[in-house]
$ cat model.tsv   # TSV, C-alpha atoms
chain	number	residue	atom	x	y	z
A	1	MET	CA	-14.38	172.62	73.69
A	2	VAL	CA	-15.09	175.77	71.73
A	3	VAL	CA	-18.72	175.71	72.81
A	4	SER	CA	-18.06	175.18	76.52
A	5	GLY	CA	-15.25	177.76	76.44
A	6	LEU	CA	-17.76	180.35	75.27
A	7	LEU	CA	-20.33	179.53	77.91
A	8	THR	CA	-18.35	179.47	81.10
A	9	VAL	CA	-18.20	182.65	83.14
A	10	ARG	CA	-14.86	181.62	84.67
A	11	SER	CA	-12.33	183.01	82.23
A	12	GLU	CA	-9.47	181.33	84.10
A	13	SER	CA	-11.03	177.87	83.65
A	14	PRO	CA	-9.28	175.47	81.24
A	15	PRO	CA	-11.99	175.53	78.50
A	16	ALA	CA	-12.02	179.35	78.51
A	17	ARG	CA	-8.21	179.50	78.43
A	18	ILE	CA	-8.13	177.12	75.48
A	19	VAL	CA	-10.62	179.22	73.50
A	20	ASP	CA	-8.63	182.35	74.38
A	21	GLY	CA	-5.50	180.55	73.18
A	22	MET	CA	-7.19	179.67	69.88
A	23	LEU	CA	-8.24	183.30	69.39
A	24	ALA	CA	-4.72	184.51	70.16
A	25	ALA	CA	-3.04	181.74	68.09
A	26	ARG	CA	-1.03	180.63	71.14
A	27	PHE	CA	-0.80	177.04	69.89
A	28	ALA	CA	-1.38	175.13	66.66
A	29	PHE	CA	-4.74	173.44	66.21
A	30	LEU	CA	-6.45	171.54	63.41
A	31	LEU	CA	-9.81	172.42	61.94
A	32	SER	CA	-11.92	171.05	59.08
A	33	LEU	CA	-14.84	172.74	57.38
A	34	GLU	CA	-17.05	170.01	58.84
A	35	LEU	CA	-15.94	170.78	62.39
A	36	LEU	CA	-16.26	174.51	61.82
A	37	ALA	CA	-19.80	174.02	60.51
A	38	GLU	CA	-20.57	171.90	63.54
A	39	TYR	CA	-19.30	174.59	65.95
A	40	ARG	CA	-21.57	177.06	64.17
A	41	ALA	CA	-24.62	174.81	64.20
A	42	VAL	CA	-24.22	173.94	67.89
A	43	LEU	CA	-23.58	177.56	68.91
A	44	LEU	CA	-26.82	178.52	67.14
A	45	ARG	CA	-28.95	175.78	68.70
A	46	GLY	CA	-31.73	177.18	70.83
A	47	ALA	CA	-30.47	175.80	74.15
A	48	ILE	CA	-27.01	177.26	73.55
A	49	GLN	CA	-27.87	180.54	71.85
A	50	SER	CA	-30.35	181.44	74.58
A	51	ARG	CA	-27.44	181.16	77.03
A	52	HIS	CA	-24.75	183.19	75.23
A	53	GLY	CA	-27.16	185.61	73.53
A	54	LEU	CA	-24.95	186.15	70.46
A	55	SER	CA	-26.52	186.79	67.08
A	56	GLU	CA	-25.63	184.70	64.02
A	57	PRO	CA	-23.22	187.36	62.61
A	58	GLU	CA	-21.57	187.67	66.03
A	59	VAL	CA	-21.01	183.90	66.21
A	60	ASP	CA	-19.49	184.16	62.73
A	61	VAL	CA	-17.05	186.88	63.87
A	62	ILE	CA	-15.73	184.56	66.60
A	63	LEU	CA	-15.55	181.51	64.33
A	64	THR	CA	-13.85	183.50	61.56
A	65	GLU	CA	-11.15	184.52	64.01
A	66	ILE	CA	-10.73	180.95	65.22
A	67	ALA	CA	-10.57	179.66	61.63
A	68	ALA	CA	-8.01	182.32	60.72
A	69	ASN	CA	-5.66	180.95	63.37
A	70	ALA	CA	-6.28	177.26	62.64
A	71	THR	CA	-4.53	174.78	60.39
A	72	LEU	CA	-7.34	173.89	58.02
A	73	ARG	CA	-7.40	170.29	56.82
A	74	SER	CA	-9.57	168.68	54.19
A	75	ILE	CA	-10.97	165.38	55.45
A	76	GLU	CA	-12.92	164.43	52.33
A	77	GLU	CA	-10.45	161.80	51.19
A	78	ILE	CA	-9.24	160.71	54.60
A	79	GLU	CA	-10.23	157.20	55.51
A	80	ALA	CA	-11.29	156.80	59.11
A	81	PRO	CA	-9.48	154.05	61.01
A	82	SER	CA	-11.73	151.26	62.21
A	83	LEU	CA	-12.67	152.37	65.68
A	84	SER	CA	-15.89	151.76	67.52
A	85	THR	CA	-16.89	155.40	67.33
A	86	ASP	CA	-20.33	156.82	66.99
A	87	PRO	CA	-20.91	157.62	63.26
A	88	GLY	CA	-21.50	161.25	64.26
A	89	ASP	CA	-17.94	161.43	65.64
A	90	LEU	CA	-16.30	160.19	62.42
A	91	HIS	CA	-15.43	163.65	61.12
A	92	VAL	CA	-13.42	164.23	64.31
A	93	VAL	CA	-11.63	160.91	63.86
A	94	ARG	CA	-10.85	161.73	60.23
A	95	LEU	CA	-9.50	165.14	61.19
A	96	LEU	CA	-7.26	163.54	63.81
A	97	ALA	CA	-6.09	161.09	61.15
A	98	THR	CA	-4.74	163.95	59.01
A	99	HIS	CA	-1.82	164.48	61.41
A	100	GLU	CA	-0.02	161.66	63.19
A	101	SER	CA	0.93	163.84	66.17
A	102	SER	CA	-2.54	165.22	66.69
A	103	VAL	CA	-4.28	165.03	70.04
A	104	LEU	CA	-7.91	165.56	70.94
A	105	VAL	CA	-8.95	167.93	73.70
A	106	SER	CA	-12.38	167.02	74.95
A	107	GLY	CA	-14.38	166.47	78.06
A	108	ASP	CA	-16.54	163.91	76.26
A	109	ARG	CA	-15.81	160.61	78.02
A	110	ARG	CA	-17.53	158.53	75.33
A	111	LEU	CA	-15.34	159.98	72.60
A	112	GLU	CA	-12.27	159.59	74.78
A	113	GLN	CA	-13.00	155.88	75.25
A	114	SER	CA	-13.58	155.23	71.56
A	115	LEU	CA	-10.29	156.90	70.58
A	116	ARG	CA	-8.22	154.87	73.01
A	117	GLY	CA	-5.11	153.59	71.27
A	118	PHE	CA	-5.57	155.84	68.24
A	119	ARG	CA	-4.76	159.35	69.48
A	120	PRO	CA	-4.14	160.81	72.94
A	121	VAL	CA	-7.16	162.54	74.42
A	122	TYR	CA	-6.62	165.35	76.90
A	123	LYS	CA	-9.12	166.80	79.27
A	124	PRO	CA	-9.09	170.63	79.07
A	125	ALA	CA	-7.16	170.94	82.36
A	126	GLY	CA	-4.55	168.44	81.19
A	127	PHE	CA	-4.07	170.24	77.89
A	128	VAL	CA	-3.70	173.62	79.60
A	129	GLU	CA	-1.03	172.09	81.83
A	130	LEU	CA	0.72	170.66	78.76
A	131	ILE	CA	0.81	173.96	76.86
A	132	SER	CA	1.75	175.86	80.01
A	133	GLN	CA	4.80	173.62	80.34
A	134	ALA	CA	5.57	174.35	76.70
A	135	GLY	CA	5.22	178.08	77.43
A	136	SER	CA	2.20	178.59	75.17
A	137	ALA	CA	-0.57	179.40	77.63
B	138	MET	CA	-6.50	206.80	64.30
B	139	ALA	CA	-3.82	204.42	62.99
B	140	ARG	CA	-1.96	205.03	59.74
B	141	LEU	CA	-1.13	202.34	57.21
B	142	THR	CA	0.95	202.57	54.05
B	143	ILE	CA	-0.18	200.22	51.29
B	144	THR	CA	1.07	199.60	47.76
B	145	LEU	CA	-1.51	199.53	44.97
B	146	SER	CA	-1.17	199.12	41.24
B	147	ASP	CA	-1.43	202.43	39.35
B	148	LYS	CA	-4.71	201.25	37.88
B	149	ARG	CA	-6.20	200.40	41.30
B	150	HIS	CA	-4.91	203.66	42.80
B	151	ARG	CA	-6.53	205.64	39.98
B	152	ALA	CA	-9.81	203.74	40.44
B	153	LEU	CA	-9.72	204.38	44.20
B	154	LYS	CA	-9.20	208.12	43.68
B	155	GLU	CA	-12.01	208.20	41.12
B	156	ALA	CA	-14.36	206.36	43.50
B	157	ALA	CA	-13.46	208.77	46.32
B	158	ALA	CA	-14.14	211.80	44.10
B	159	ARG	CA	-17.38	210.30	42.80
B	160	THR	CA	-18.74	209.52	46.28
B	161	ASN	CA	-17.26	212.59	47.98
B	162	LYS	CA	-15.33	210.41	50.43
B	163	THR	CA	-11.68	210.19	51.43
B	164	LEU	CA	-9.48	207.32	50.24
B	165	GLY	CA	-9.37	206.10	53.85
B	166	GLN	CA	-13.16	206.01	54.11
B	167	ILE	CA	-13.41	203.95	50.91
B	168	VAL	CA	-10.80	201.47	52.17
B	169	GLU	CA	-12.50	201.28	55.61
B	170	GLU	CA	-15.91	200.62	54.02
B	171	SER	CA	-14.45	198.02	51.66
B	172	LEU	CA	-12.90	196.13	54.58
B	173	GLU	CA	-16.21	196.29	56.45
B	174	PHE	CA	-18.01	194.94	53.37
B	175	TYR	CA	-15.41	192.17	53.06
B	176	GLY	CA	-16.11	191.13	56.66
B	177	ILE	CA	-12.74	192.12	58.11
B	178	LYS	CA	-13.22	192.45	61.85
B	179	THR	CA	-10.66	192.97	64.54
B	180	SER	CA	-9.61	190.20	66.85
B	181	GLU	CA	-10.52	192.54	69.73
B	182	GLU	CA	-14.10	192.43	68.46
B	183	ALA	CA	-14.08	188.62	68.62
B	184	ARG	CA	-12.60	188.67	72.12
B	185	GLY	CA	-15.18	191.24	73.24
B	186	LEU	CA	-17.98	189.03	71.96
B	187	VAL	CA	-16.53	186.03	73.78
B	188	GLU	CA	-16.41	187.99	77.05
B	189	ARG	CA	-20.01	189.11	76.57
B	190	ALA	CA	-21.15	185.56	75.81
B	191	ARG	CA	-19.45	184.23	78.94
B	192	ARG	CA	-20.91	186.91	81.20
B	193	ARG	CA	-24.38	186.34	79.87
B	194	ALA	CA	-24.25	182.52	79.92
B	195	ALA	CA	-22.82	182.62	83.46
B	196	LEU	CA	-22.29	178.88	83.66
B	197	SER	CA	-19.71	177.07	85.72
B	198	PRO	CA	-17.13	175.13	83.66
B	199	ALA	CA	-18.87	171.86	84.60
B	200	GLU	CA	-22.30	173.16	83.58
B	201	ALA	CA	-20.92	174.60	80.33
B	202	GLY	CA	-19.15	171.34	79.50
B	203	LYS	CA	-22.25	169.26	80.19
B	204	LEU	CA	-24.47	171.48	78.05
B	205	ALA	CA	-21.92	171.63	75.22
B	206	ILE	CA	-21.53	167.84	75.08
B	207	ARG	CA	-25.29	167.27	75.26
B	208	GLU	CA	-26.06	169.70	72.45
B	209	THR	CA	-23.16	168.52	70.27
B	210	ARG	CA	-24.38	164.92	70.63
B	211	ALA	CA	-27.94	166.00	69.77
B	212	HIS	CA	-26.66	167.87	66.70
B	213	ARG	CA	-24.64	164.87	65.50
B	214	LYS	CA	-27.62	162.57	65.99
B	215	GLU	CA	-29.91	164.91	64.03
B	216	SER	CA	-27.31	165.35	61.26
B	217	ARG	CA	-27.24	161.59	60.66
B	218	ARG	CA	-30.96	161.46	59.90
$ encode --input "model.tsv" --output "structure tokens"
Amino acid sequence: MVVSGLLTVRSESPPARIVDGMLAARFAFLLSLELLAEYRAVLLRGAIQSRHGLSEPEVDVILTEIAANATLRSIEEIEAPSLSTDPGDLHVVRLLATHESSVLVSGDRRLEQSLRGFRPVYKPAGFVELISQAGSA
Amino acid sequence: MARLTITLSDKRHRALKEAAARTNKTLGQIVEESLEFYGIKTSEEARGLVERARRRAALSPAEAGKLAIRETRAHRKESRR
């Protein structure tokens, strides 16, 4: 979500509004060091960096601001529930497991399917609608 | 230029004044440089970078989402190796 929200030129689109909301602390969101490191690594991958054109320190400025507004959770000792998720997605599952009311916002259909019955998964547009109703967006 | 009143211990205040005298700088310049060194940036700076990134990438939401998912999956796959 963070990655796509940084790449879309349409600032009124749901992914962009969610990233703007994270930067402005308009709603509460969870973050782990593992997820933060993943955002960084993906934003610095060649195919992504060549699109946004930000340098490494510039990416860090954005991520520092996002992290400053997040609720940081340690997932080291969190046991992942037995779901048929891709092993690479486990850190997301463990982060979601740190808070029973957590929801995932993602456009990744595969992840959405594997989390069925564990935590609600919102598409970006659905989440924007939800927080707009709550007066946060 | 904004003004800010801060409370320092006598010891720290003395050290700050000494550093300013030693380097021929004002107290404000020393504080400004220290914050820069510490990596304190403004949230406007982060928002400005986000706007620049979006303009340059110039992708539709669908294209951005597709690329983000593809590269995140590739990263997770590589991380497992």
$ residues_near_point --input "model.tsv" --point "(-10.3, 170.5, 51.3)" --cutoff "12 Å" --atoms "only C-alpha atoms" --output "PyMOL selection string"
chain A and resi 31-34+71-78+95+98
$ closest_atom_pairs --input "model.tsv" --of "chain A" --to "chain B" --cutoff "7 Å" --atoms "only C-alpha atoms" --output "JSON lines"
{"residue": "A:Val3", "atom": "CA", "partner": "B:Ala205", "partner_atom": "CA", "distance": 5.7}
{"residue": "A:Ser4", "atom": "CA", "partner": "B:Ala201", "partner_atom": "CA", "distance": 4.8}
{"residue": "A:Leu6", "atom": "CA", "partner": "B:Arg191", "partner_atom": "CA", "distance": 5.6}
{"residue": "A:Leu7", "atom": "CA", "partner": "B:Arg191", "partner_atom": "CA", "distance": 4.9}
{"residue": "A:Thr8", "atom": "CA", "partner": "B:Leu196", "partner_atom": "CA", "distance": 4.7}
{"residue": "A:Val9", "atom": "CA", "partner": "B:Ala195", "partner_atom": "CA", "distance": 4.6}
{"residue": "A:Arg10", "atom": "CA", "partner": "B:Ser197", "partner_atom": "CA", "distance": 6.7}
{"residue": "A:Ser13", "atom": "CA", "partner": "B:Pro198", "partner_atom": "CA", "distance": 6.7}
{"residue": "A:Val42", "atom": "CA", "partner": "B:Thr209", "partner_atom": "CA", "distance": 6.0}
{"residue": "A:Arg51", "atom": "CA", "partner": "B:Ala194", "partner_atom": "CA", "distance": 4.5}
{"residue": "A:His52", "atom": "CA", "partner": "B:Ala190", "partner_atom": "CA", "distance": 4.3}
{"residue": "A:Gly53", "atom": "CA", "partner": "B:Ala190", "partner_atom": "CA", "distance": 6.4}
{"residue": "A:Leu54", "atom": "CA", "partner": "B:Ala190", "partner_atom": "CA", "distance": 6.6}
{"residue": "A:Val61", "atom": "CA", "partner": "B:Ala183", "partner_atom": "CA", "distance": 5.9}
{"residue": "A:Ile62", "atom": "CA", "partner": "B:Ala183", "partner_atom": "CA", "distance": 4.8}
{"residue": "A:Glu65", "atom": "CA", "partner": "B:Ser180", "partner_atom": "CA", "distance": 6.5}
{"residue": "A:Gly88", "atom": "CA", "partner": "B:Arg213", "partner_atom": "CA", "distance": 4.9}
{"residue": "A:Gly107", "atom": "CA", "partner": "B:Gly202", "partner_atom": "CA", "distance": 7.0}
{"residue": "A:Asp108", "atom": "CA", "partner": "B:Ile206", "partner_atom": "CA", "distance": 6.5}
$ atom_distance --input "model.tsv" --atom1 "atom CA of Gly21 of chain A" --atom2 "atom CA of Ala47 of chain A"
25.4 Å
$ atom_distance --input "model.tsv" --atom1 "atom CA of Arg40 of chain A" --atom2 "atom CA of Ala67 of chain A"
11.6 Å
$ closest_residue --input "model.tsv" --among "B:Glu170, B:Ala152, B:Gly165, B:Arg218" --to "Ala139 of chain B" --atoms "all atoms listed in the file"
B:Gly165
$ build_atoms --input "model.tsv" --residues "segment 156-174 of chain B" --atoms "N, CA and C atoms" --output "tab-separated table (two decimals), keeping the file's coordinate frame"
chain	number	residue	atom	x	y	z
B	156	ALA	N	-13.21	206.74	42.65
B	156	ALA	CA	-14.36	206.36	43.50
B	156	ALA	C	-14.53	207.36	44.64
B	157	ALA	N	-13.40	207.80	45.22
B	157	ALA	CA	-13.46	208.77	46.32
B	157	ALA	C	-14.06	210.10	45.83
B	158	ALA	N	-13.63	210.54	44.64
B	158	ALA	CA	-14.14	211.80	44.10
B	158	ALA	C	-15.63	211.68	43.78
B	159	ARG	N	-15.99	210.53	43.22
B	159	ARG	CA	-17.38	210.30	42.80
B	159	ARG	C	-18.32	210.28	44.01
B	160	THR	N	-17.86	209.68	45.12
B	160	THR	CA	-18.74	209.52	46.28
B	160	THR	C	-18.50	210.59	47.34
B	161	ASN	N	-17.57	211.51	47.04
B	161	ASN	CA	-17.26	212.59	47.98
B	161	ASN	C	-16.75	212.04	49.32
B	162	LYS	N	-15.91	211.02	49.22
B	162	LYS	CA	-15.33	210.41	50.43
B	162	LYS	C	-13.82	210.45	50.34
B	163	THR	N	-13.14	210.25	51.47
B	163	THR	CA	-11.68	210.19	51.43
B	163	THR	C	-11.27	208.78	51.01
B	164	LEU	N	-9.98	208.66	50.62
B	164	LEU	CA	-9.48	207.32	50.24
B	164	LEU	C	-9.59	206.37	51.45
B	165	GLY	N	-9.31	206.90	52.63
B	165	GLY	CA	-9.37	206.10	53.85
B	165	GLY	C	-10.77	205.58	54.12
B	166	GLN	N	-11.76	206.45	53.88
B	166	GLN	CA	-13.16	206.01	54.11
B	166	GLN	C	-13.53	204.88	53.15
B	167	ILE	N	-13.09	205.01	51.89
B	167	ILE	CA	-13.41	203.95	50.91
B	167	ILE	C	-12.76	202.63	51.33
B	168	VAL	N	-11.49	202.69	51.75
B	168	VAL	CA	-10.80	201.47	52.17
B	168	VAL	C	-11.49	200.87	53.40
B	169	GLU	N	-11.83	201.74	54.38
B	169	GLU	CA	-12.50	201.28	55.61
B	169	GLU	C	-13.83	200.58	55.27
B	170	GLU	N	-14.61	201.20	54.39
B	170	GLU	CA	-15.91	200.62	54.02
B	170	GLU	C	-15.73	199.31	53.25
B	171	SER	N	-14.70	199.25	52.43
B	171	SER	CA	-14.45	198.02	51.66
B	171	SER	C	-14.10	196.87	52.60
B	172	LEU	N	-13.28	197.17	53.62
B	172	LEU	CA	-12.90	196.13	54.58
B	172	LEU	C	-14.12	195.67	55.38
B	173	GLU	N	-14.98	196.61	55.73
B	173	GLU	CA	-16.21	196.29	56.45
B	173	GLU	C	-17.08	195.36	55.59
B	174	PHE	N	-17.21	195.74	54.30
B	174	PHE	CA	-18.01	194.94	53.37
B	174	PHE	C	-17.41	193.54	53.23
